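Everything below belongs to final07.txt, which stores compact mmCIF, C-alpha atoms and all ligand atoms.
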# COMPACT_ATOMS: atom_id res chain seq x y z
CA MET A 1 6.83 24.71 13.15
CA LEU A 2 7.90 21.14 12.51
CA SER A 3 9.13 18.85 15.28
CA ASN A 4 12.86 18.38 15.82
CA LYS A 5 12.28 14.71 15.18
CA ILE A 6 11.05 15.29 11.65
CA LYS A 7 13.84 17.77 10.88
CA ASP A 8 16.29 14.93 11.42
CA ILE A 9 14.62 12.59 8.95
CA THR A 10 16.03 12.13 5.44
CA PRO A 11 13.29 12.04 2.81
CA SER A 12 13.22 8.70 0.99
CA TYR A 13 15.75 8.55 -1.88
CA THR A 14 13.68 5.90 -3.60
CA ILE A 15 10.59 8.08 -3.60
CA GLY A 16 12.76 10.93 -4.95
CA ILE A 17 13.89 8.75 -7.84
CA SER A 18 10.33 7.60 -8.60
CA SER A 19 9.27 11.25 -8.79
CA LYS A 20 12.11 12.05 -11.23
CA VAL A 21 11.19 9.03 -13.36
CA LYS A 22 7.50 9.98 -13.36
CA GLU A 23 8.31 13.56 -14.38
CA LEU A 24 10.50 12.38 -17.28
CA GLU A 25 7.83 9.89 -18.38
CA ARG A 26 5.26 12.67 -18.26
CA GLN A 27 7.48 14.56 -20.70
CA GLY A 28 7.33 11.55 -23.01
CA VAL A 29 10.84 10.21 -22.22
CA ASN A 30 11.10 6.42 -22.24
CA ILE A 31 12.88 5.30 -19.04
CA ILE A 32 14.25 1.88 -18.18
CA ASN A 33 13.47 1.67 -14.51
CA LEU A 34 15.87 -0.56 -12.58
CA SER A 35 15.19 1.25 -9.32
CA ILE A 36 11.94 -0.44 -8.40
CA GLY A 37 11.67 -2.37 -5.13
CA GLU A 38 8.50 -4.26 -5.87
CA PRO A 39 7.60 -7.38 -7.83
CA ASP A 40 6.46 -6.78 -11.39
CA PHE A 41 3.91 -9.64 -11.21
CA PHE A 42 0.20 -9.34 -10.61
CA THR A 43 -1.22 -10.59 -7.32
CA PRO A 44 -2.23 -14.27 -7.75
CA ASP A 45 -5.85 -14.81 -8.80
CA ALA A 46 -6.81 -16.90 -5.77
CA ALA A 47 -5.88 -14.04 -3.43
CA LYS A 48 -7.82 -11.54 -5.51
CA SER A 49 -10.92 -13.78 -5.59
CA GLN A 50 -10.80 -14.23 -1.84
CA ALA A 51 -10.81 -10.45 -1.42
CA ILE A 52 -13.84 -10.13 -3.69
CA ASP A 53 -15.61 -12.86 -1.71
CA ALA A 54 -14.76 -11.07 1.53
CA ILE A 55 -16.46 -7.92 0.24
CA LYS A 56 -19.51 -9.87 -0.94
CA GLU A 57 -19.74 -11.68 2.39
CA ASN A 58 -19.57 -8.35 4.23
CA LYS A 59 -16.31 -9.13 5.98
CA THR A 60 -15.80 -5.41 6.02
CA LYS A 61 -16.15 -4.47 9.68
CA TYR A 62 -13.62 -3.93 12.45
CA ASP A 63 -12.02 -7.21 13.46
CA LEU A 64 -9.50 -8.24 16.11
CA VAL A 65 -6.62 -5.75 16.56
CA PRO A 66 -3.80 -8.32 16.09
CA GLY A 67 -5.50 -9.59 12.94
CA VAL A 68 -8.25 -11.85 11.64
CA LEU A 69 -8.00 -15.19 13.46
CA GLU A 70 -7.94 -17.27 10.25
CA LEU A 71 -4.98 -15.26 8.96
CA ARG A 72 -3.02 -15.62 12.17
CA LYS A 73 -3.73 -19.37 12.08
CA SER A 74 -2.41 -19.51 8.50
CA ILE A 75 0.71 -17.56 9.50
CA GLN A 76 1.20 -19.84 12.49
CA GLU A 77 1.05 -22.88 10.20
CA LYS A 78 3.41 -21.28 7.68
CA LEU A 79 5.97 -20.53 10.39
CA GLN A 80 5.72 -24.08 11.71
CA VAL A 81 5.84 -25.90 8.39
CA GLU A 82 8.21 -23.70 6.41
CA ASN A 83 10.40 -22.20 9.13
CA ASN A 84 10.29 -24.90 11.75
CA VAL A 85 9.34 -22.56 14.57
CA HIS A 86 6.26 -22.74 16.74
CA TYR A 87 4.43 -19.55 17.68
CA ASP A 88 1.14 -19.36 19.55
CA ILE A 89 -1.59 -17.44 17.76
CA GLN A 90 -1.33 -14.72 20.45
CA GLU A 91 2.32 -14.19 19.54
CA ILE A 92 1.47 -13.10 15.99
CA VAL A 93 0.31 -9.57 15.09
CA VAL A 94 -0.76 -8.70 11.55
CA SER A 95 0.11 -5.15 10.47
CA ASN A 96 -0.04 -2.81 7.48
CA GLY A 97 2.96 -4.27 5.70
CA ALA A 98 6.37 -5.20 7.09
CA LYS A 99 7.19 -1.50 7.43
CA HIS A 100 4.41 -1.06 9.96
CA ALA A 101 5.35 -4.30 11.71
CA ILE A 102 8.87 -2.92 12.23
CA THR A 103 7.65 0.47 13.45
CA ASN A 104 5.19 -1.13 15.88
CA THR A 105 8.05 -3.21 17.27
CA LEU A 106 10.30 -0.20 17.73
CA ILE A 107 7.56 1.77 19.50
CA ALA A 108 6.91 -1.19 21.78
CA LEU A 109 10.57 -1.83 22.63
CA LEU A 110 12.66 1.33 22.50
CA ASN A 111 13.18 3.88 25.20
CA TYR A 112 14.40 7.38 24.34
CA GLU A 113 18.04 7.22 23.13
CA ASP A 114 18.24 3.44 23.14
CA GLU A 115 20.72 2.30 20.52
CA VAL A 116 19.86 0.04 17.60
CA ILE A 117 22.66 -1.59 15.63
CA ILE A 118 22.16 -1.36 11.87
CA PRO A 119 24.69 -3.06 9.59
CA LYS A 120 25.52 -1.18 6.39
CA PRO A 121 24.36 -1.36 3.69
CA TYR A 122 20.90 -1.15 5.21
CA TRP A 123 17.38 -0.97 3.86
CA VAL A 124 16.60 2.75 3.46
CA SER A 125 13.93 3.05 6.12
CA TYR A 126 15.68 1.36 9.07
CA PRO A 127 17.63 4.37 10.41
CA GLU A 128 14.74 6.77 9.89
CA MET A 129 12.31 4.45 11.66
CA VAL A 130 14.64 4.23 14.66
CA LYS A 131 15.07 8.02 14.74
CA LEU A 132 11.32 8.59 14.45
CA VAL A 133 10.69 6.72 17.68
CA GLY A 134 13.51 8.47 19.54
CA GLY A 135 16.17 5.76 19.21
CA ILE A 136 19.74 6.15 17.98
CA PRO A 137 20.91 4.15 14.96
CA VAL A 138 24.45 2.79 15.38
CA PHE A 139 26.01 1.71 12.11
CA ILE A 140 28.47 -1.01 11.25
CA ASP A 141 30.44 -0.90 8.01
CA THR A 142 30.34 -4.46 6.73
CA LYS A 143 32.97 -5.65 4.23
CA LYS A 144 32.56 -6.76 0.65
CA GLU A 145 35.12 -9.52 1.41
CA ASN A 146 32.57 -10.90 3.94
CA ASN A 147 29.79 -10.60 1.36
CA PHE A 148 28.47 -7.61 3.33
CA LYS A 149 27.47 -9.87 6.21
CA VAL A 150 27.97 -8.46 9.66
CA THR A 151 30.36 -10.46 11.86
CA VAL A 152 30.25 -11.09 15.60
CA GLU A 153 33.53 -9.18 16.03
CA GLU A 154 32.08 -6.14 14.27
CA ILE A 155 28.93 -6.23 16.40
CA GLU A 156 30.88 -6.63 19.62
CA LYS A 157 32.84 -3.44 18.93
CA VAL A 158 29.72 -1.21 18.91
CA ILE A 159 27.78 -2.72 21.82
CA THR A 160 27.24 -0.32 24.73
CA SER A 161 25.00 -0.33 27.81
CA LYS A 162 22.39 1.45 25.65
CA THR A 163 22.24 -1.22 22.93
CA LYS A 164 18.72 -2.62 22.73
CA MET A 165 18.47 -4.27 19.36
CA ILE A 166 20.14 -5.28 16.10
CA PHE A 167 18.54 -5.37 12.65
CA ILE A 168 19.28 -8.30 10.36
CA SER A 169 17.87 -8.19 6.83
CA ASN A 170 18.03 -11.72 5.47
CA PRO A 171 18.03 -12.16 2.46
CA SER A 172 19.36 -8.65 2.38
CA ASN A 173 18.01 -5.60 0.66
CA PRO A 174 20.13 -4.20 -1.01
CA THR A 175 22.83 -6.89 -1.39
CA GLY A 176 20.77 -10.06 -1.81
CA VAL A 177 23.18 -12.03 0.38
CA VAL A 178 21.84 -14.79 2.63
CA TYR A 179 23.27 -15.65 6.06
CA THR A 180 24.16 -19.27 6.80
CA LYS A 181 22.73 -21.01 9.84
CA GLU A 182 26.17 -21.00 11.48
CA GLU A 183 26.58 -17.25 10.98
CA LEU A 184 23.17 -16.63 12.52
CA GLU A 185 23.91 -18.96 15.41
CA SER A 186 26.98 -16.98 16.36
CA ILE A 187 25.04 -13.69 16.18
CA VAL A 188 22.32 -15.20 18.39
CA LYS A 189 24.92 -16.37 20.90
CA LEU A 190 26.39 -12.88 21.14
CA CYS A 191 22.97 -11.24 21.45
CA LEU A 192 21.90 -13.65 24.17
CA HIS A 193 25.10 -12.90 26.05
CA HIS A 194 24.54 -9.13 25.85
CA LYS A 195 20.72 -9.27 26.15
CA ILE A 196 20.10 -7.64 22.78
CA TYR A 197 16.93 -8.16 20.76
CA ILE A 198 17.18 -9.23 17.12
CA LEU A 199 14.81 -7.79 14.57
CA SER A 200 14.94 -10.42 11.85
CA ASP A 201 13.51 -8.91 8.68
CA GLU A 202 12.63 -11.96 6.58
CA ILE A 203 10.43 -10.22 4.01
CA TYR A 204 12.54 -11.67 1.13
CA GLU A 205 12.64 -15.15 2.65
CA LYS A 206 10.82 -16.83 -0.23
CA ILE A 207 12.95 -15.13 -2.85
CA CYS A 208 15.98 -17.20 -1.98
CA TYR A 209 17.85 -19.28 -4.55
CA SER A 210 19.98 -21.28 -2.18
CA SER A 211 18.37 -23.85 0.08
CA GLN A 212 20.03 -22.44 3.15
CA PHE A 213 17.52 -19.89 4.45
CA THR A 214 17.25 -20.07 8.25
CA SER A 215 14.70 -18.19 10.26
CA ILE A 216 16.58 -16.87 13.31
CA ALA A 217 13.78 -17.79 15.73
CA SER A 218 14.07 -21.44 14.67
CA ILE A 219 17.64 -21.70 15.99
CA SER A 220 16.65 -22.36 19.61
CA THR A 221 14.04 -21.53 22.24
CA GLU A 222 16.38 -18.86 23.60
CA ALA A 223 16.85 -17.40 20.11
CA LYS A 224 13.09 -17.23 19.66
CA GLU A 225 12.74 -15.30 22.96
CA ILE A 226 14.97 -12.43 21.80
CA THR A 227 13.90 -12.40 18.14
CA VAL A 228 11.13 -10.43 16.50
CA THR A 229 10.40 -12.10 13.18
CA ILE A 230 9.21 -9.68 10.52
CA ASN A 231 7.58 -11.00 7.38
CA GLY A 232 4.64 -10.36 5.06
CA LEU A 233 3.09 -10.94 1.67
CA SER A 234 4.38 -7.85 -0.19
CA LYS A 235 7.36 -9.44 -1.91
CA SER A 236 6.61 -13.18 -1.77
CA ALA A 237 3.07 -12.98 -3.17
CA SER A 238 3.43 -9.72 -5.08
CA MET A 239 0.95 -8.02 -2.78
CA THR A 240 2.70 -4.71 -2.08
CA GLY A 241 -0.46 -2.60 -2.30
CA TRP A 242 -2.52 -4.85 -0.03
CA ARG A 243 -0.31 -3.86 2.93
CA ILE A 244 -0.08 -7.08 4.89
CA GLY A 245 2.91 -7.79 7.10
CA TYR A 246 3.32 -9.34 10.52
CA THR A 247 5.43 -9.79 13.61
CA ALA A 248 5.98 -13.03 15.47
CA SER A 249 7.55 -12.46 18.87
CA SER A 250 7.36 -13.31 22.57
CA LEU A 251 3.89 -13.03 24.07
CA VAL A 252 4.76 -9.99 26.19
CA LEU A 253 6.06 -8.12 23.16
CA ALA A 254 3.19 -9.24 20.93
CA LYS A 255 0.72 -7.84 23.46
CA ALA A 256 2.60 -4.53 23.53
CA ILE A 257 2.73 -4.40 19.72
CA SER A 258 -0.99 -5.07 19.63
CA THR A 259 -1.63 -2.24 22.10
CA VAL A 260 0.40 0.16 19.94
CA GLN A 261 -1.40 -0.96 16.80
CA GLY A 262 -4.81 -0.78 18.48
CA HIS A 263 -4.36 2.92 19.21
CA LEU A 264 -2.76 3.87 15.91
CA VAL A 265 -4.60 1.96 13.18
CA SER A 266 -6.71 -0.81 14.81
CA HIS A 267 -5.67 -3.36 12.18
CA PRO A 268 -4.99 -3.66 8.44
CA SER A 269 -7.92 -3.81 6.03
CA THR A 270 -9.97 -6.94 6.71
CA ILE A 271 -10.37 -7.44 2.96
CA SER A 272 -6.59 -7.53 2.49
CA GLN A 273 -6.29 -9.91 5.41
CA TRP A 274 -8.70 -12.37 3.78
CA ALA A 275 -6.74 -12.11 0.53
CA ALA A 276 -3.61 -12.94 2.53
CA VAL A 277 -5.27 -16.09 3.95
CA SER A 278 -5.70 -17.32 0.41
CA ALA A 279 -2.20 -16.24 -0.63
CA LEU A 280 -0.68 -18.29 2.16
CA ASN A 281 -2.87 -21.34 1.62
CA HIS A 282 -3.50 -21.48 -2.11
CA CYS A 283 -0.79 -19.53 -3.94
CA LYS A 284 2.36 -21.52 -3.26
CA ASP A 285 2.72 -22.49 -6.94
CA ASP A 286 2.32 -18.86 -8.05
CA MET A 287 5.04 -17.87 -5.59
CA ARG A 288 7.35 -20.65 -6.80
CA GLN A 289 6.88 -19.54 -10.40
CA MET A 290 7.76 -15.95 -9.53
CA VAL A 291 10.91 -17.09 -7.76
CA ASN A 292 11.92 -19.24 -10.73
CA THR A 293 11.56 -16.20 -12.97
CA TYR A 294 13.63 -14.06 -10.60
CA LYS A 295 16.33 -16.73 -10.63
CA VAL A 296 16.54 -16.69 -14.42
CA ARG A 297 16.77 -12.90 -14.35
CA ARG A 298 19.39 -13.02 -11.59
CA ASP A 299 21.55 -15.22 -13.84
CA ILE A 300 20.98 -12.98 -16.87
CA THR A 301 21.94 -9.92 -14.82
CA ASP A 302 24.97 -11.68 -13.35
CA ASN A 303 26.28 -12.60 -16.82
CA ALA A 304 25.59 -9.18 -18.30
CA LEU A 305 27.20 -7.26 -15.42
CA GLN A 306 30.31 -9.42 -15.65
CA GLN A 307 30.87 -7.96 -19.11
CA ILE A 308 31.27 -4.46 -17.65
CA ASP A 309 34.85 -3.51 -16.75
CA GLY A 310 35.28 -1.25 -13.73
CA ILE A 311 32.38 -2.47 -11.60
CA ILE A 312 32.36 -5.18 -8.93
CA PHE A 313 29.48 -6.99 -7.25
CA VAL A 314 28.71 -9.94 -5.01
CA ARG A 315 26.43 -12.47 -6.71
CA PRO A 316 23.14 -12.31 -4.79
CA GLU A 317 21.50 -15.46 -3.43
CA GLY A 318 18.16 -13.86 -2.69
CA ALA A 319 15.84 -10.82 -3.02
CA PHE A 320 15.87 -9.16 -6.47
CA TYR A 321 18.75 -6.69 -6.35
CA PHE A 322 22.40 -6.32 -7.29
CA PHE A 323 24.51 -3.97 -5.20
CA ILE A 324 27.25 -2.74 -7.48
CA ASP A 325 30.58 -1.20 -6.50
CA ILE A 326 31.25 1.76 -8.80
CA SER A 327 34.14 3.22 -6.78
CA SER A 328 36.60 2.88 -9.68
CA LEU A 329 34.59 5.63 -11.42
CA ARG A 330 34.80 8.12 -8.54
CA ASN A 331 37.13 10.43 -10.42
CA SER A 332 35.35 10.11 -13.73
CA LEU A 333 32.48 12.51 -13.24
CA PRO A 334 31.98 15.75 -11.30
CA TRP A 335 30.19 15.47 -7.95
CA GLU A 336 29.91 17.40 -4.71
CA ASN A 337 27.85 15.90 -1.92
CA SER A 338 27.27 12.37 -3.11
CA PHE A 339 29.11 10.43 -5.81
CA SER A 340 26.41 7.75 -6.14
CA VAL A 341 23.69 10.39 -6.57
CA ALA A 342 25.77 12.18 -9.25
CA PHE A 343 26.40 8.84 -10.98
CA SER A 344 22.71 7.86 -10.86
CA ASP A 345 21.57 11.30 -12.08
CA ALA A 346 24.06 11.23 -14.98
CA LEU A 347 22.97 7.69 -15.90
CA LEU A 348 19.35 8.80 -15.91
CA ASN A 349 20.08 11.92 -17.97
CA ASP A 350 22.44 10.30 -20.48
CA GLU A 351 21.03 6.79 -20.86
CA LYS A 352 17.53 7.07 -19.40
CA VAL A 353 18.18 4.30 -16.89
CA ALA A 354 16.99 4.74 -13.29
CA VAL A 355 18.93 3.07 -10.46
CA VAL A 356 19.13 3.78 -6.71
CA PRO A 357 22.28 5.54 -5.45
CA GLY A 358 24.15 3.55 -2.80
CA VAL A 359 24.07 6.49 -0.39
CA ALA A 360 20.40 5.59 0.19
CA PHE A 361 21.70 2.39 1.81
CA GLY A 362 24.58 4.12 3.61
CA MET A 363 27.32 3.31 1.05
CA ASP A 364 28.15 6.01 -1.45
CA ASP A 365 30.48 3.89 -3.64
CA TYR A 366 27.58 1.78 -4.86
CA ILE A 367 24.39 1.71 -6.86
CA ARG A 368 21.52 -0.76 -6.51
CA ILE A 369 19.74 -2.20 -9.51
CA SER A 370 16.57 -4.25 -9.31
CA TYR A 371 15.66 -7.11 -11.63
CA ALA A 372 12.00 -7.00 -10.70
CA CYS A 373 11.25 -5.92 -14.25
CA ASP A 374 10.72 -7.65 -17.59
CA THR A 375 13.74 -9.37 -19.12
CA GLU A 376 13.82 -7.20 -22.22
CA SER A 377 14.05 -3.98 -20.18
CA LEU A 378 16.60 -5.57 -17.89
CA ILE A 379 18.91 -6.53 -20.77
CA GLU A 380 18.52 -3.14 -22.44
CA GLY A 381 19.08 -1.33 -19.12
CA ILE A 382 22.34 -3.18 -18.44
CA LYS A 383 23.48 -2.59 -22.04
CA ARG A 384 23.01 1.13 -21.46
CA LEU A 385 24.76 0.94 -18.07
CA LYS A 386 27.72 -0.71 -19.82
CA ARG A 387 27.81 2.03 -22.45
CA PHE A 388 27.65 4.68 -19.73
CA VAL A 389 30.44 3.13 -17.65
CA GLU A 390 32.65 2.71 -20.74
CA LYS A 391 32.05 6.33 -21.68
CA GLN A 392 33.22 7.50 -18.25
CA GLY A 393 36.39 5.42 -18.46
CA VAL A 394 38.13 4.39 -15.26
CA LYS A 395 40.39 7.23 -14.11
CA LYS A 396 42.45 6.38 -11.07
C1 LIG B 401 14.07 -5.16 3.68
C2 LIG B 401 12.69 -4.66 3.62
N1 LIG B 401 11.94 -4.71 4.74
C3 LIG B 401 10.67 -4.27 4.73
C4 LIG B 401 10.09 -3.75 3.59
C5 LIG B 401 8.66 -3.24 3.67
O1 LIG B 401 7.74 -4.14 3.17
P1 LIG B 401 6.19 -3.79 3.15
O2 LIG B 401 5.88 -3.29 1.78
O3 LIG B 401 5.50 -5.08 3.45
O4 LIG B 401 5.92 -2.76 4.17
C6 LIG B 401 10.82 -3.67 2.42
C7 LIG B 401 10.23 -3.06 1.20
O5 LIG B 401 10.91 -2.63 0.30
C8 LIG B 401 12.15 -4.15 2.42
O6 LIG B 401 12.91 -4.10 1.33
Written form, structure tokens:
Amino acid sequence: MLSNKIKDITPSYTIGISSKVKELERQGVNIINLSIGEPDFFTPDAAKSQAIDAIKENKTKYDLVPGVLELRKSIQEKLQVENNVHYDIQEIVVSNGAKHAITNTLIALLNYEDEVIIPKPYWVSYPEMVKLVGGIPVFIDTKKENNFKVTVEEIEKVITSKTKMIFISNPSNPTGVVYTKEELESIVKLCLHHKIYILSDEIYEKICYSSQFTSIASISTEAKEITVTINGLSKSASMTGWRIGYTASSLVLAKAISTVQGHLVSHPSTISQWAAVSALNHCKDDMRQMVNTYKVRRDITDNALQQIDGIIFVRPEGAFYFFIDISSLRNSLPWENSFSVAFSDALLNDEKVAVVPGVAFGMDDYIRISYACDTESLIEGIKRLKRFVEKQGVKK
């Protein structure tokens, strides 16, 4: 009964974990949840008030498909001031979260069986999104020695006549690594040479502890032409449930994205869009405070994880995750299909700590933990992880 397309789609691991956690909590078990991919802060007050005002002022009707004009103006200004790249208003399309912005882009760009390069580890939804629109994900195994950043040599090896696009998640979910300007420049050069589009997922841009974040489109006019910038308010302003994301792209592509969006959903909730106007214009201090808190937690996590023998990780410079190599424990517990799932299940059963198995990101020797949770839970969760790892012992 179901389409072949849907039969090929892997259900979300992260949603699977949330369901397990919810079921255990329902049974009265106290879980430390380090699997969560969303900020633990409330949405800033100014954004909430603006939404309430929007309702009172009856800004509750259909609006323009690519988004409320005031919001697109605010995004345009943000991109200019913070990212040093100029987009016309018509080149910006506001969507239901970054997820929707990415899917719109894929629908607008991909032909059946076009190939999309996805460096591993990847954000869980990338391959499934590509498959859902009839494209073919082509993976690259990045190396820990390169901080999981994809290199030009690695990209060059997988390019074929069918290659249409490459995904770059920067700062990366799940590794938290941040590309330097030079690294991005060399990727742009290669993509220009081979006429490949870049989908630059910058949703974690603000949660960046080094000063080196570069928006790919800002590199040059040519870079901007082949780049689709993806961003939104979910992570930076703790507005996950409001569902506001956007694309900034060439005019031709923006028009196509708008056409797709017009037929599928018209536009995101006008109330959320007004809240986003306020988030962009009046919540910069709130955002800075959140990032400062994440940085403190990043350092706490870094120190605590260093005390655990048998695991390895690259210190993240952005986002709110640690991607942890647990391969030295491969022979320490029984598993069949996936080691990282067996490890995560055992950790949840034995120590009541939820993490995401690396297989969800295409790398089964890893787990991802999130520090978007209160410090007390974080410290207790890592203490339990340490106890669990020590109990397994490292058997080579
Ligand atoms: C790398 C990455 N891109 C996009 C998204 C989707 O963001 P949104 O909630 O705005 O759809 C996420 C959410 O987890 C993410 O981690």
Requested in this report: Could you give me, as an NGL selection string, the residues that have an atom at most 10 Å away from the point (-2.1, -15.5, 22.3) in the coordinates of the file, using only C-alpha atoms?
Outcome: :A and (66 or 87-93 or 250-252 or 254-255)
Within 9 Å of stretch 152-167 of chain A using only C-alpha atoms, minus same-chain residues under 2 positions, as a PyMOL selection string: chain A and resi 109-111+113-119+122+126+138-142+150+169+183+186-187+190-191+194-201
Q: List all protein, DNA and RNA residues that have at least one atom no more than 6 Å from any atom of ligand LIG 401 (chain B), counting only C-alpha atoms and all ligand atoms, and write them as a list in words.
A: Gly37, Gly97, Ala98, Lys99, Trp123, Ser169, Asn173, Asp201, Ile203, Gly232, Ser234, Thr240, Arg243 and Gly245 of chain A
I need the residues from that last selection saved to file as a CSV table (one decimal), keeping the file's coordinate frame (with C-alpha atoms), if you can.
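Everything below was put into selection_16.csv:
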chain,number,residue,atom,x,y,z
A,37,GLY,CA,11.7,-2.4,-5.1
A,97,GLY,CA,3.0,-4.3,5.7
A,98,ALA,CA,6.4,-5.2,7.1
A,99,LYS,CA,7.2,-1.5,7.4
A,123,TRP,CA,17.4,-1.0,3.9
A,169,SER,CA,17.9,-8.2,6.8
A,173,ASN,CA,18.0,-5.6,0.7
A,201,ASP,CA,13.5,-8.9,8.7
A,203,ILE,CA,10.4,-10.2,4.0
A,232,GLY,CA,4.6,-10.4,5.1
A,234,SER,CA,4.4,-7.8,-0.2
A,240,THR,CA,2.7,-4.7,-2.1
A,243,ARG,CA,-0.3,-3.9,2.9
A,245,GLY,CA,2.9,-7.8,7.1
In Å and to one decimal, atom CA of A:Thr214 is distant from atom CA of A:Tyr179 by 7.8 Å
note - atom CA of A:Asp374 and atom CA of A:Arg297 are separated by 8.6 Å
Using all atoms listed in the file, the best pick from A:Ile367, A:Leu184, A:Val177, A:Ile216 as closest to A:Thr151 would be A:Leu184
For stretch 164-206 of chain A of the block above, can you save C-alpha atoms as a tab-separated table (two decimals), in the first residue's frame?
chain	number	residue	atom	x	y	z
A	164	LYS	CA	24.00	18.42	-8.05
A	165	MET	CA	24.71	19.57	-4.53
A	166	ILE	CA	26.75	19.18	-1.35
A	167	PHE	CA	25.51	19.67	2.21
A	168	ILE	CA	27.70	21.52	4.68
A	169	SER	CA	26.53	21.72	8.29
A	170	ASN	CA	28.52	24.48	9.94
A	171	PRO	CA	28.82	24.51	12.98
A	172	SER	CA	28.16	20.83	12.63
A	173	ASN	CA	25.48	18.71	14.18
A	174	PRO	CA	26.62	16.23	15.54
A	175	THR	CA	30.33	17.11	15.93
A	176	GLY	CA	30.20	20.81	16.80
A	177	VAL	CA	33.23	21.53	14.60
A	178	VAL	CA	33.44	24.83	12.73
A	179	TYR	CA	35.01	25.25	9.28
A	180	THR	CA	37.62	27.98	8.80
A	181	LYS	CA	37.21	30.55	6.05
A	182	GLU	CA	40.11	29.00	4.14
A	183	GLU	CA	38.55	25.53	4.27
A	184	LEU	CA	35.27	26.91	2.96
A	185	GLU	CA	37.02	28.87	0.24
A	186	SER	CA	38.62	25.73	-1.13
A	187	ILE	CA	35.27	23.89	-1.09
A	188	VAL	CA	33.66	26.81	-2.92
A	189	LYS	CA	36.42	26.80	-5.53
A	190	LEU	CA	35.89	23.10	-6.20
A	191	CYS	CA	32.10	23.47	-6.36
A	192	LEU	CA	32.35	26.40	-8.76
A	193	HIS	CA	34.66	24.36	-10.96
A	194	HIS	CA	32.25	21.40	-11.05
A	195	LYS	CA	29.05	23.50	-11.02
A	196	ILE	CA	27.76	22.02	-7.77
A	197	TYR	CA	25.36	23.83	-5.46
A	198	ILE	CA	26.22	24.19	-1.77
A	199	LEU	CA	23.51	23.85	0.83
A	200	SER	CA	25.04	25.71	3.76
A	201	ASP	CA	23.12	24.76	6.89
A	202	GLU	CA	23.98	27.56	9.32
A	203	ILE	CA	21.27	26.89	11.89
A	204	TYR	CA	23.89	26.71	14.71
A	205	GLU	CA	25.73	29.82	13.50
A	206	LYS	CA	25.10	31.83	16.66
